[in-house]
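Source file: upload_35.txt; contents: compact mmCIF, C-alpha atoms and all ligand atoms.
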```
# COMPACT_ATOMS: atom_id res chain seq x y z
CA MET P 1 0.00 0.00 0.00
CA ASP P 2 1.38 3.38 -1.05
CA LYS P 3 1.65 5.41 2.17
CA ASN P 4 1.15 8.65 0.25
CA LYS P 5 -2.28 7.40 -0.69
CA THR P 6 -3.31 7.05 2.94
CA PRO P 7 -5.03 10.18 4.22
CA LEU P 8 -3.06 11.75 7.05
CA HIS P 9 -6.21 13.31 8.49
CA ILE P 10 -9.78 12.03 8.10
CA GLY P 11 -12.82 14.02 9.17
CA LEU P 12 -15.85 11.86 9.93
CA ILE P 13 -19.42 13.15 10.00
CA MET P 14 -21.10 10.38 11.97
CA ASP P 15 -24.69 10.75 10.82
CA GLY P 16 -27.65 8.38 10.86
CA ASN P 17 -27.79 7.14 14.46
CA GLY P 18 -31.40 8.24 14.93
CA ARG P 19 -32.63 6.60 11.74
CA TRP P 20 -30.72 3.43 12.57
CA ALA P 21 -32.57 3.22 15.89
CA LYS P 22 -35.93 4.11 14.35
CA LYS P 23 -35.61 1.22 11.89
CA ARG P 24 -35.33 -1.03 14.94
CA LEU P 25 -38.27 0.67 16.70
CA MET P 26 -35.85 1.81 19.37
CA PRO P 27 -35.26 5.26 20.96
CA ARG P 28 -32.65 7.56 19.41
CA SER P 29 -30.37 7.01 22.42
CA TYR P 30 -30.02 3.36 21.35
CA GLY P 31 -28.68 4.58 18.02
CA HIS P 32 -26.21 6.96 19.68
CA ASN P 33 -24.92 4.14 21.86
CA ALA P 34 -24.42 1.94 18.79
CA GLY P 35 -22.77 4.91 17.08
CA MET P 36 -20.26 5.26 19.89
CA ASN P 37 -19.33 1.59 19.61
CA ALA P 38 -18.88 2.02 15.86
CA MET P 39 -16.70 5.10 16.42
CA ILE P 40 -14.38 3.19 18.79
CA LYS P 41 -13.83 0.45 16.18
CA ILE P 42 -13.31 2.97 13.38
CA ALA P 43 -10.70 4.85 15.42
CA GLU P 44 -8.76 1.63 16.06
CA HIS P 45 -8.92 0.70 12.42
CA ALA P 46 -7.93 4.16 11.19
CA LYS P 47 -4.87 4.03 13.44
CA MET P 48 -4.01 0.58 12.13
CA ARG P 49 -4.30 1.88 8.57
CA GLY P 50 -1.71 4.58 9.26
CA VAL P 51 -4.07 7.54 9.57
CA LYS P 52 -2.57 10.08 12.01
CA TYR P 53 -5.59 12.25 12.83
CA LEU P 54 -9.24 11.31 12.95
CA THR P 55 -11.71 14.10 13.70
CA VAL P 56 -15.12 12.80 14.70
CA TYR P 57 -18.06 15.20 14.45
CA THR P 58 -19.70 14.35 17.74
CA LEU P 59 -21.99 17.32 18.43
CA SER P 60 -22.54 20.39 16.27
CA THR P 61 -23.39 23.85 17.60
CA GLU P 62 -26.82 23.35 15.97
CA ASN P 63 -27.30 19.97 17.69
CA LEU P 64 -27.49 21.88 20.98
CA ASN P 65 -31.04 22.80 19.97
CA ARG P 66 -32.11 19.15 20.25
CA PRO P 67 -34.38 18.07 23.14
CA GLN P 68 -32.58 18.12 26.50
CA GLU P 69 -33.31 14.42 26.96
CA GLU P 70 -31.32 13.52 23.84
CA LEU P 71 -28.46 15.84 24.86
CA ASP P 72 -28.36 14.31 28.35
CA GLY P 73 -28.08 10.88 26.75
CA LEU P 74 -25.17 12.08 24.64
CA TYR P 75 -23.43 13.60 27.67
CA GLY P 76 -23.84 10.22 29.37
CA LEU P 77 -22.02 8.62 26.45
CA PHE P 78 -19.18 11.17 26.71
CA ARG P 79 -18.88 10.28 30.41
CA LYS P 80 -18.71 6.61 29.56
CA TYR P 81 -16.10 7.09 26.85
CA PHE P 82 -13.85 9.48 28.75
CA ASN P 83 -14.05 7.46 31.97
CA LYS P 84 -13.61 4.00 30.55
CA ASN P 85 -12.82 3.50 26.87
CA ILE P 86 -10.15 6.17 26.74
CA GLN P 87 -7.72 4.01 28.74
CA LYS P 88 -7.49 1.55 25.88
CA LEU P 89 -6.71 4.38 23.49
CA TYR P 90 -3.92 5.69 25.73
CA LYS P 91 -2.49 2.18 26.10
CA SER P 92 -2.22 1.93 22.34
CA GLY P 93 -0.11 5.11 22.43
CA ALA P 94 -2.82 7.34 20.99
CA GLY P 95 -4.11 10.63 22.33
CA VAL P 96 -7.25 12.74 22.23
CA LYS P 97 -8.04 16.37 21.59
CA VAL P 98 -11.31 18.27 21.82
CA ILE P 99 -12.34 21.09 19.49
CA GLY P 100 -15.39 23.29 20.00
CA ASP P 101 -16.87 25.38 22.79
CA ILE P 102 -17.32 22.94 25.64
CA SER P 103 -18.03 25.70 28.20
CA VAL P 104 -21.79 25.09 27.87
CA LEU P 105 -21.55 21.39 28.78
CA PRO P 106 -22.18 20.07 32.33
CA ASP P 107 -19.18 20.84 34.57
CA ASP P 108 -18.22 17.22 35.17
CA VAL P 109 -18.21 16.53 31.42
CA GLN P 110 -16.01 19.59 30.82
CA ASN P 111 -13.58 18.32 33.45
CA LEU P 112 -13.52 14.83 31.96
CA LEU P 113 -12.79 16.19 28.49
CA ALA P 114 -10.03 18.45 29.83
CA ASP P 115 -8.47 15.54 31.75
CA GLY P 116 -8.75 13.38 28.64
CA GLU P 117 -6.62 15.86 26.73
CA LYS P 118 -4.21 16.46 29.60
CA ASN P 119 -3.52 12.77 30.18
CA SER P 120 -2.95 12.00 26.50
CA PRO P 121 0.46 10.51 25.78
CA GLU P 122 2.93 12.98 24.30
CA ASN P 123 4.11 12.55 20.72
CA SER P 124 1.35 10.09 20.01
CA GLY P 125 1.32 8.77 16.46
CA PHE P 126 -2.46 8.96 16.33
CA THR P 127 -4.82 11.62 17.62
CA LEU P 128 -8.56 11.19 17.95
CA ILE P 129 -10.13 14.63 17.80
CA PHE P 130 -13.64 15.08 19.18
CA ALA P 131 -15.59 17.99 17.67
CA ILE P 132 -18.05 18.83 20.45
CA ASN P 133 -20.36 21.84 20.31
CA TYR P 134 -18.26 22.56 17.26
CA GLY P 135 -19.37 24.73 14.36
CA ALA P 136 -17.11 26.11 11.65
CA ARG P 137 -18.87 29.48 11.66
CA SER P 138 -18.36 29.94 15.40
CA GLU P 139 -14.76 28.79 15.05
CA ILE P 140 -14.04 31.35 12.32
CA LEU P 141 -15.86 34.16 14.17
CA ARG P 142 -13.94 33.33 17.33
CA ALA P 143 -10.66 33.53 15.42
CA VAL P 144 -11.65 36.85 13.85
CA ASN P 145 -12.49 38.30 17.26
CA LEU P 146 -9.19 37.07 18.69
CA ALA P 147 -7.44 38.70 15.74
CA ILE P 148 -9.22 42.01 16.40
CA GLU P 149 -8.11 41.84 20.03
CA LYS P 150 -4.53 41.45 18.83
CA GLY P 151 -5.05 44.56 16.71
CA GLU P 152 -2.75 43.52 13.88
CA LYS P 153 -3.20 42.09 10.40
CA LEU P 154 -2.60 38.36 10.18
CA ASP P 155 -1.21 36.13 7.46
CA LYS P 156 -2.63 32.66 6.87
CA GLY P 157 -0.30 30.96 9.34
CA ALA P 158 -1.17 33.40 12.11
CA PHE P 159 -4.90 33.05 11.39
CA ASP P 160 -4.69 29.23 11.36
CA SER P 161 -3.14 29.33 14.81
CA LEU P 162 -6.29 31.04 16.14
CA LEU P 163 -8.53 28.19 14.99
CA TYR P 164 -9.38 25.25 17.25
CA THR P 165 -7.37 23.07 14.87
CA ASP P 166 -4.10 24.91 15.56
CA GLY P 167 -1.24 22.50 14.83
CA ILE P 168 -3.44 19.92 13.12
CA PRO P 169 -3.00 19.47 9.35
CA ASP P 170 -6.07 20.07 7.17
CA PRO P 171 -8.29 17.04 6.58
CA ASP P 172 -7.42 15.12 3.41
CA LEU P 173 -10.65 13.16 3.37
CA ILE P 174 -14.07 13.93 4.80
CA ILE P 175 -16.48 11.04 5.12
CA ARG P 176 -20.19 11.51 5.79
CA THR P 177 -22.40 8.56 6.58
CA GLY P 178 -26.19 8.56 6.61
CA GLY P 179 -26.91 9.64 3.05
CA GLU P 180 -26.95 13.45 3.32
CA MET P 181 -24.53 15.31 1.07
CA ARG P 182 -23.61 18.36 3.08
CA LEU P 183 -20.99 19.54 5.55
CA SER P 184 -23.43 20.77 8.22
CA ASN P 185 -20.94 23.36 9.52
CA PHE P 186 -18.03 20.89 9.87
CA LEU P 187 -14.44 22.13 9.28
CA MET P 188 -15.55 24.48 6.49
CA TYR P 189 -12.30 26.45 6.48
CA GLN P 190 -9.98 23.46 6.81
CA ALA P 191 -11.84 21.36 4.24
CA ALA P 192 -11.02 23.74 1.37
CA TYR P 193 -9.16 20.95 -0.47
CA ALA P 194 -10.46 17.85 1.29
CA GLU P 195 -11.73 14.98 -0.82
CA LEU P 196 -15.39 14.32 0.03
CA TYR P 197 -16.88 10.85 0.39
CA PHE P 198 -20.56 10.23 1.02
CA THR P 199 -22.19 6.93 1.83
CA ASP P 200 -25.80 5.92 2.55
CA VAL P 201 -24.61 3.55 5.28
CA LEU P 202 -26.02 4.70 8.64
CA PHE P 203 -23.22 5.39 11.10
CA PRO P 204 -23.77 2.43 13.48
CA ASP P 205 -23.33 0.14 10.44
CA PHE P 206 -20.14 1.90 9.29
CA GLY P 207 -17.49 -0.73 10.00
CA LYS P 208 -13.88 -1.45 9.10
CA ALA P 209 -14.73 -2.61 5.58
CA GLU P 210 -16.62 0.65 5.00
CA LEU P 211 -13.63 2.71 6.12
CA ASP P 212 -11.37 0.65 3.85
CA LYS P 213 -13.74 1.40 0.96
CA ALA P 214 -13.54 5.14 1.63
CA ILE P 215 -9.72 5.07 1.83
CA GLU P 216 -9.58 3.01 -1.36
CA GLU P 217 -11.75 5.57 -3.16
CA TYR P 218 -9.57 8.38 -1.77
CA SER P 219 -6.42 6.67 -3.07
CA LYS P 220 -7.82 6.83 -6.60
CA ARG P 221 -8.58 10.55 -6.51
CA GLU P 222 -6.23 12.96 -8.24
CA ARG P 223 -5.63 15.96 -6.01
CA ARG P 224 -4.57 18.90 -8.13
CA PHE P 225 -4.81 21.81 -5.68
CA GLY P 226 -5.55 24.13 -8.59
CA LYS P 227 -2.54 23.09 -10.64
CA ILE P 228 -2.62 21.30 -14.00
C1 LIG T 301 -25.71 11.83 14.23
O1 LIG T 301 -26.87 11.09 14.13
C2 LIG T 301 -25.28 12.02 15.66
C3 LIG T 301 -25.51 13.39 16.16
C4 LIG T 301 -25.86 14.39 15.43
C5 LIG T 301 -25.33 13.62 17.59
P1 LIG T 301 -28.29 11.78 14.15
O2 LIG T 301 -28.75 11.87 15.56
O3 LIG T 301 -28.28 13.06 13.41
O4 LIG T 301 -29.13 10.68 13.36
P2 LIG T 301 -30.24 10.93 12.26
O5 LIG T 301 -29.63 11.82 11.21
O6 LIG T 301 -31.39 11.57 12.96
O7 LIG T 301 -30.53 9.57 11.74
C1 LIG T 302 -24.26 16.59 11.63
O1 LIG T 302 -25.39 15.81 11.64
C2 LIG T 302 -23.68 16.71 13.01
C3 LIG T 302 -23.06 15.50 13.54
C4 LIG T 302 -22.94 14.36 12.93
C5 LIG T 302 -22.50 15.62 14.87
P1 LIG T 302 -26.85 16.45 11.73
O2 LIG T 302 -27.80 15.32 11.69
O3 LIG T 302 -26.93 17.35 12.88
O4 LIG T 302 -26.91 17.31 10.40
P2 LIG T 302 -28.15 17.86 9.58
O5 LIG T 302 -29.06 18.52 10.55
O6 LIG T 302 -28.79 16.69 8.91
O7 LIG T 302 -27.54 18.81 8.57
MG MG T 303 -28.56 13.54 11.44
```
Encoded form using structure tokens:
Amino acid sequence: MDKNKTPLHIGLIMDGNGRWAKKRLMPRSYGHNAGMNAMIKIAEHAKMRGVKYLTVYTLSTENLNRPQEELDGLYGLFRKYFNKNIQKLYKSGAGVKVIGDISVLPDDVQNLLADGEKNSPENSGFTLIFAINYGARSEILRAVNLAIEKGEKLDKGAFDSLLYTDGIPDPDLIIRTGGEMRLSNFLMYQAAYAELYFTDVLFPDFGKAELDKAIEEYSKRERRFGKI
């Protein structure tokens, strides 16, 4: 396998949990739980495939308008992941990072996420990035306001360092499950030259073979970056 054909950074829009549950006549929370299990397996497989960064779209700024009951269920899943599953990730030498405005989450969840980042191994070869209460528009506005506070004109490098993704290379491949063909406010600035891959597979059904298929498709794309 040609290493250059492996995306360094994959962005994953994990959509379709609710519909997956509905098909089984189960509550949406059942779908989110299945989605978390799928995410854990995908992260392991991405690491195994040589991917260095995987950004999982976990909660958008717009998702915060969902019923409180659904949000509470999602916070419960964050607690479970960051209390329990994260140890396995650390043991494998991988780390986590969180992007987004987590200040609106319950205090204990904020603390867990902060600890999760703090306890990550240094120089890890794989980073799992959770986008939580993340929205590209808020991210860009936040950076602009920080720039205004600095009171000086910025070049691209200086602007990039004001984004949540400071230090993280742009995504090479963005995958969206669940059949919709849109970005829904995910990494809009960083995805300027990302290859886009859409699949109808609902996220809880998105397994290793599905990720392999997306990487295979990516490896066949010709990335020109505006050149000829
Ligand atoms: C994605 O699945 C997970 C989150 C947005 C938290 P959805 O909950 O959007 O599932 P569908 O799109 O309703 O099936
Ligand atoms: C995008 O899914 C957000 C996440 C996967 C976290 P949504 O289900 O919220 O997106 P829309 O509403 O269909 O655009
Ligand atoms: Mg959805």
Restricting the calculation to all atoms listed in the file, which member of P:Lys156, P:Lys5, P:Lys23, P:Arg28 is positioned closest to Gly73 of chain P?
P:Arg28
Go through the chains and note each residue within 8 Å of ligand MG 303 (chain T), using all atoms listed in the file, then give the set as a list in words.
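The neighbouring residues of ligand MG 303 (chain T) are, in order, Asp15, Gly16, Asn17, Gly18 and Gly178 of chain P.
One finds atom CA of Ala192 of chain P at 15.2 Å from atom CA of Gly157 of chain P.
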My list of candidates is P:Leu196, P:Leu74, P:Leu162, P:Ala38. Which is closest to Leu141 of chain P when distances are computed with only C-alpha atoms?
P:Leu162
Using all atoms listed in the file, which protein or nucleic acid residues come within 7 Å of Ile129 of chain P? Drop anything in the same chain fewer than 3 positions from it, and give the result as a list of chain:residue names.
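The filter keeps P:Leu54, P:Thr55, P:Val56, P:Val96, P:Lys97, P:Val98.
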For the atom pair atom CA of Gly11 of chain P and atom CA of Asp172 of chain P, what is the interatomic distance in Å to one decimal place?
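Taking atom CA of Gly11 of chain P and atom CA of Asp172 of chain P, their separation equals 8.0 Å.
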With only C-alpha atoms as the atoms that count, which of P:Leu187, P:Ile42, P:Val104, P:Met181 lies nearest to Ala209 of chain P?
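Result for the nearest residue to Ala209 of chain P: P:Ile42.
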Find the residues near ligand LIG 301 (chain T). Use a cut-off of 9 Å, count only C-alpha atoms and all ligand atoms, and write them as number ranges by chain.
P: 13-22, 28-29, 31-32, 35, 57-60, 63, 70-71, 74, 177-180, 202-203
Using only C-alpha atoms, which protein or nucleic acid residues come within 8 Å of Glu122 of chain P? Drop anything in the same chain fewer than 2 positions from it, and give the result as a list in words.
Gly95, Ser120 and Ser124 of chain P
Hey, can you check how far atom CA of Lys208 of chain P sits from atom O3 of ligand LIG 302 (chain T)?
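Spanning atom CA of Lys208 of chain P to atom O3 of ligand LIG 302 (chain T) is a straight-line distance of 23.2 Å.
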Restricting the calculation to all atoms listed in the file: of P:Asn133, P:Asn145, P:Ser103, P:Gln68, which residue gets closest to ligand LIG 302 (chain T)?
P:Asn133
Box dimensions and centre (Å, one decimal) enclosing segment 156-165 of chain P, axis-aligned, 6 Å extra per side, as lines of an AutoDock Vina configuration file:
```
center_x = -4.8
center_y = 28.2
center_z = 12.1
size_x = 21.1
size_y = 22.3
size_z = 22.4
```
For each of P:Ala194, P:Ile148, P:Ala43, P:Leu154, take the minimum atom-to-atom distance to Phe130 of chain P, counting all atoms listed in the file, then give the residue where this is smallest.
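Nearest candidate to Phe130 of chain P out of P:Ala194, P:Ile148, P:Ala43, P:Leu154: P:Ala43.
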Pick from P:Pro121, P:Pro67, P:Pro204, P:Pro7, whichever lies nearest to Met36 of chain P using all atoms listed in the file
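Distance minimum relative to Met36 of chain P lands on P:Pro204.
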